[in-house]
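Peer 1: Here you go, this is run.tsv (TSV, C-alpha atoms).
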```tsv
chain	number	residue	atom	x	y	z
A	28	ALA	CA	90.90	99.79	-66.36
A	29	CYS	CA	88.33	100.29	-69.03
A	30	HIS	CA	85.97	97.42	-68.57
A	31	LYS	CA	83.24	96.95	-71.12
A	32	ARG	CA	83.23	100.54	-72.17
A	33	ASN	CA	83.26	100.09	-75.89
A	34	GLN	CA	80.48	97.55	-76.01
A	35	LEU	CA	79.00	98.66	-79.28
A	36	PRO	CA	80.21	100.91	-82.04
A	37	ARG	CA	78.40	104.15	-82.60
A	38	VAL	CA	76.58	103.97	-85.87
A	39	PRO	CA	74.64	106.57	-87.83
A	40	ILE	CA	71.00	106.46	-86.82
A	41	THR	CA	68.56	106.49	-89.68
A	42	PRO	CA	66.07	109.30	-89.25
A	43	LEU	CA	62.42	108.36	-89.15
A	44	PRO	CA	61.12	108.04	-92.71
A	45	ALA	CA	58.34	110.47	-93.55
A	46	TYR	CA	55.58	107.95	-93.00
A	47	SER	CA	53.03	110.62	-92.11
A	48	ILE	CA	53.08	112.11	-95.60
A	49	MET	CA	53.45	108.89	-97.58
A	50	GLU	CA	50.76	107.79	-99.97
A	51	THR	CA	48.83	104.62	-99.27
A	52	PRO	CA	50.56	102.42	-101.88
A	53	GLU	CA	53.94	103.40	-100.54
A	54	LEU	CA	52.86	102.63	-96.99
A	55	LYS	CA	51.65	99.25	-98.13
A	56	LYS	CA	55.00	98.56	-99.72
A	57	GLU	CA	56.86	99.57	-96.58
A	58	LEU	CA	54.70	97.32	-94.43
A	59	ASN	CA	55.12	94.48	-96.88
A	60	ARG	CA	58.82	94.47	-96.00
A	61	PHE	CA	57.80	93.55	-92.48
A	62	GLY	CA	55.29	90.90	-93.46
A	63	VAL	CA	52.31	93.03	-92.50
A	64	ARG	CA	49.13	93.04	-94.57
A	65	PRO	CA	47.62	96.27	-95.89
A	66	LEU	CA	45.66	98.08	-93.19
A	67	PRO	CA	43.72	101.32	-92.98
A	68	LYS	CA	46.07	104.18	-93.75
A	69	ARG	CA	46.21	105.67	-90.26
A	70	GLN	CA	46.90	102.29	-88.75
A	71	MET	CA	49.68	101.68	-91.28
A	72	VAL	CA	51.42	104.90	-90.28
A	73	LEU	CA	51.15	104.01	-86.60
A	74	LYS	CA	52.43	100.48	-87.15
A	75	LEU	CA	55.40	101.68	-89.20
A	76	LYS	CA	56.33	104.21	-86.54
A	77	GLU	CA	56.02	101.53	-83.87
A	78	ILE	CA	58.33	99.23	-85.81
A	79	PHE	CA	60.80	102.03	-86.39
A	80	GLN	CA	60.88	102.97	-82.73
A	81	TYR	CA	61.37	99.39	-81.70
A	82	THR	CA	64.20	98.73	-84.12
A	83	HIS	CA	65.98	102.03	-83.54
A	84	GLN	CA	66.31	102.22	-79.81
A	85	ILE	CA	69.35	104.15	-78.73
A	86	MET	CA	71.28	102.98	-75.73
A	87	SER	CA	71.11	105.65	-73.10
A	88	SER	CA	74.48	107.23	-73.69
A	89	ASP	CA	76.43	107.90	-70.56
A	90	SER	CA	77.89	111.33	-70.08
A	91	GLU	CA	81.23	110.13	-71.51
A	92	ASP	CA	79.59	109.84	-74.91
A	93	GLU	CA	78.51	113.41	-75.05
A	94	ILE	CA	81.39	114.87	-76.94
A	95	PRO	CA	80.45	118.32	-78.13
A	96	SER	CA	82.09	118.85	-81.48
B	206	MET	CA	70.68	119.75	-97.78
B	207	ALA	CA	72.15	116.92	-95.76
B	208	ALA	CA	70.34	116.13	-92.58
B	209	PRO	CA	72.61	116.19	-89.55
B	210	ARG	CA	73.73	112.66	-88.96
B	211	ARG	CA	73.09	111.39	-85.50
B	212	LEU	CA	75.39	108.84	-84.05
B	213	GLY	CA	74.43	106.45	-81.34
B	214	ARG	CA	74.63	102.93	-80.07
B	215	LYS	CA	71.71	100.99	-81.32
B	216	LYS	CA	70.21	98.76	-78.74
B	217	PRO	CA	70.37	95.29	-80.22
B	218	VAL	CA	66.96	93.81	-80.90
B	219	SER	CA	66.23	90.15	-81.14
B	220	ALA	CA	66.59	88.73	-84.63
B	221	CYS	CA	63.74	86.38	-83.82
B	222	PRO	CA	61.20	88.17	-81.64
B	223	ASN	CA	58.62	85.36	-81.76
B	224	PRO	CA	60.53	82.11	-81.33
B	225	LEU	CA	57.54	80.15	-80.04
B	226	PHE	CA	55.27	81.07	-82.93
B	227	VAL	CA	58.03	80.20	-85.39
B	228	GLN	CA	58.55	76.89	-83.64
B	229	TRP	CA	54.88	75.93	-83.64
B	230	LEU	CA	54.22	76.97	-87.20
B	231	THR	CA	57.26	74.98	-88.29
B	232	GLU	CA	55.96	71.93	-86.42
B	233	TRP	CA	52.52	72.25	-88.00
B	234	ARG	CA	54.01	72.74	-91.42
B	235	ASP	CA	56.16	69.63	-91.08
B	236	GLU	CA	53.24	67.61	-89.76
B	237	ALA	CA	51.11	68.69	-92.70
B	238	ALA	CA	53.92	67.97	-95.12
B	239	GLU	CA	54.34	64.47	-93.71
B	240	LYS	CA	50.69	63.77	-94.30
B	241	GLY	CA	50.92	65.32	-97.73
B	242	LYS	CA	48.38	68.01	-96.82
B	243	LYS	CA	48.11	71.22	-98.77
B	244	THR	CA	47.96	73.22	-95.54
B	245	GLN	CA	51.73	72.92	-95.38
B	246	PHE	CA	51.91	75.78	-97.89
B	247	VAL	CA	49.62	77.94	-95.77
B	248	TYR	CA	51.90	77.48	-92.78
B	249	GLN	CA	54.94	78.05	-94.93
B	250	ARG	CA	53.63	81.39	-96.17
B	251	ALA	CA	52.65	82.44	-92.67
B	252	LEU	CA	56.18	81.63	-91.50
B	253	GLY	CA	57.55	83.81	-94.26
B	254	SER	CA	55.73	86.92	-93.04
B	255	LEU	CA	56.26	86.12	-89.38
B	256	ARG	CA	60.01	85.98	-89.91
B	257	ARG	CA	59.98	89.45	-91.43
B	258	TYR	CA	58.01	90.96	-88.58
B	259	PRO	CA	60.39	92.60	-86.09
B	260	LEU	CA	58.05	93.18	-83.14
B	261	PRO	CA	57.18	90.63	-80.46
B	262	LEU	CA	53.59	89.44	-80.63
B	263	CYS	CA	51.73	88.59	-77.46
B	264	SER	CA	48.85	86.61	-78.93
B	265	GLY	CA	47.73	84.76	-81.99
B	266	HIS	CA	44.98	87.33	-82.36
B	267	GLU	CA	47.57	90.08	-82.67
B	268	ALA	CA	49.21	88.17	-85.52
B	269	ALA	CA	46.11	88.76	-87.65
B	270	ILE	CA	47.72	91.89	-89.09
B	271	LEU	CA	50.38	89.75	-90.76
B	272	GLN	CA	50.14	88.55	-94.32
B	273	HIS	CA	48.84	85.03	-94.78
B	274	PHE	CA	47.56	84.82	-91.22
B	275	GLY	CA	43.90	83.87	-91.38
B	276	ASP	CA	41.40	83.28	-88.61
B	277	TRP	CA	42.29	79.64	-88.47
B	278	ILE	CA	46.00	80.08	-87.85
B	279	CYS	CA	45.46	82.86	-85.33
B	280	ARG	CA	43.01	80.76	-83.37
B	281	ARG	CA	45.32	77.78	-83.45
B	282	LEU	CA	48.21	79.92	-82.19
B	283	ASP	CA	46.07	81.24	-79.36
B	284	GLU	CA	45.06	77.73	-78.34
B	285	ARG	CA	48.64	76.55	-78.46
B	286	LEU	CA	49.79	79.58	-76.48
B	287	GLU	CA	47.22	78.86	-73.79
B	288	ARG	CA	48.43	75.29	-73.55
B	289	HIS	CA	52.02	76.50	-73.38
B	290	ARG	CA	51.20	78.86	-70.53
B	291	ALA	CA	49.41	76.11	-68.64
B	292	GLU	CA	52.42	73.84	-69.12
B	293	GLN	CA	54.73	76.56	-67.85
B	294	GLU	CA	52.73	76.95	-64.69
B	295	GLU	CA	53.01	73.26	-63.99
B	296	ALA	CA	56.71	73.02	-64.75
B	297	PRO	CA	58.38	76.37	-64.18
B	298	SER	CA	61.73	75.30	-65.60
B	299	PRO	CA	61.13	74.66	-69.30
B	300	PRO	CA	63.85	73.92	-71.82
B	301	GLY	CA	65.01	77.10	-73.52
B	302	SER	CA	62.09	78.50	-75.41
```
Output the file's structure in the form of structure tokens.
Peer 2:
Amino acid sequence: ACHKRNQLPRVPITPLPAYSIMETPELKKELNRFGVRPLPKRQMVLKLKEIFQYTHQIMSSDSEDEIPS
Amino acid sequence: MAAPRRLGRKKPVSACPNPLFVQWLTEWRDEAAEKGKKTQFVYQRALGSLRRYPLPLCSGHEAAILQHFGDWICRRLDERLERHRAEQEEAPSPPGS
């Protein structure tokens, strides 16, 4: 009996955009998508990474998912 | 040079991480609109950026990094949040928030 095994489909995970090397105007534009006002550059990078981490959490895959291919 | 594509199950995140703030701002906007006050547009704009923000906020003060959130709105949210917490302590079974 496979109960609730295929809860969610596996989807491609977007890699972290290169926020650390982005120029300030680009960072501002990225943050604008999330409704955040322009901040000091360092803070913008941190905030973007925080948002990315929060929205791209991977479910801890059980051993069954580890299919070496 | 294609980056290796990682597959995984994305943990679902709430589409509305700050339901209380959205609720209160909507109430204030509607109140202001009823009275024909211009502040309705301020609340409306604040709602617009709040809805795009994917992280949960834990205070009105924290919302100051959002577009169109001025001192006034942040303070009002903090006051409302305090009242909400006090209410919750009195009646621990609130209607779905």
Peer 1: Interatomic distance between atom CA of B:Ile278 and atom CA of B:Trp233?
Peer 2: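 Computing the Euclidean distance for atom CA of B:Ile278 and atom CA of B:Trp233 yields 10.2 Å.
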Peer 1: To one decimal place, how far is atom CA of A:Arg69 from atom CA of A:Glu57 in Å?
Peer 2: 13.8 Å
Peer 1: Would you work out the distance separating atom CA of B:Arg211 from atom CA of A:Pro39, expressed in Å to one decimal?
Peer 2: 5.6 Å
Peer 1: Skip stretch 260-273 of chain B itself and residues of its chain fewer than 6 positions away, then list as a PyMOL selection string all residues within 12 Å of it, counting all atoms listed in the file.
Peer 2: (chain A and resi 55+58-67+70-71+74-83) or (chain B and resi 218-227+229-230+244+246-254+279-287+289-290)
Peer 1: What lies within 7 Å of B:Gly213 using only C-alpha atoms, ignoring chain neighbours under 3 positions off, as a ChimeraX atom specification?
Peer 2: /A:37-40,85
Peer 1: Residues within 9 Å of (67.9, 107.2, -76.2), file coordinates, counting all atoms listed in the file: what are they? Give the list as a ChimeraX atom specification.
Peer 2: /A:84-88 /B:213-215
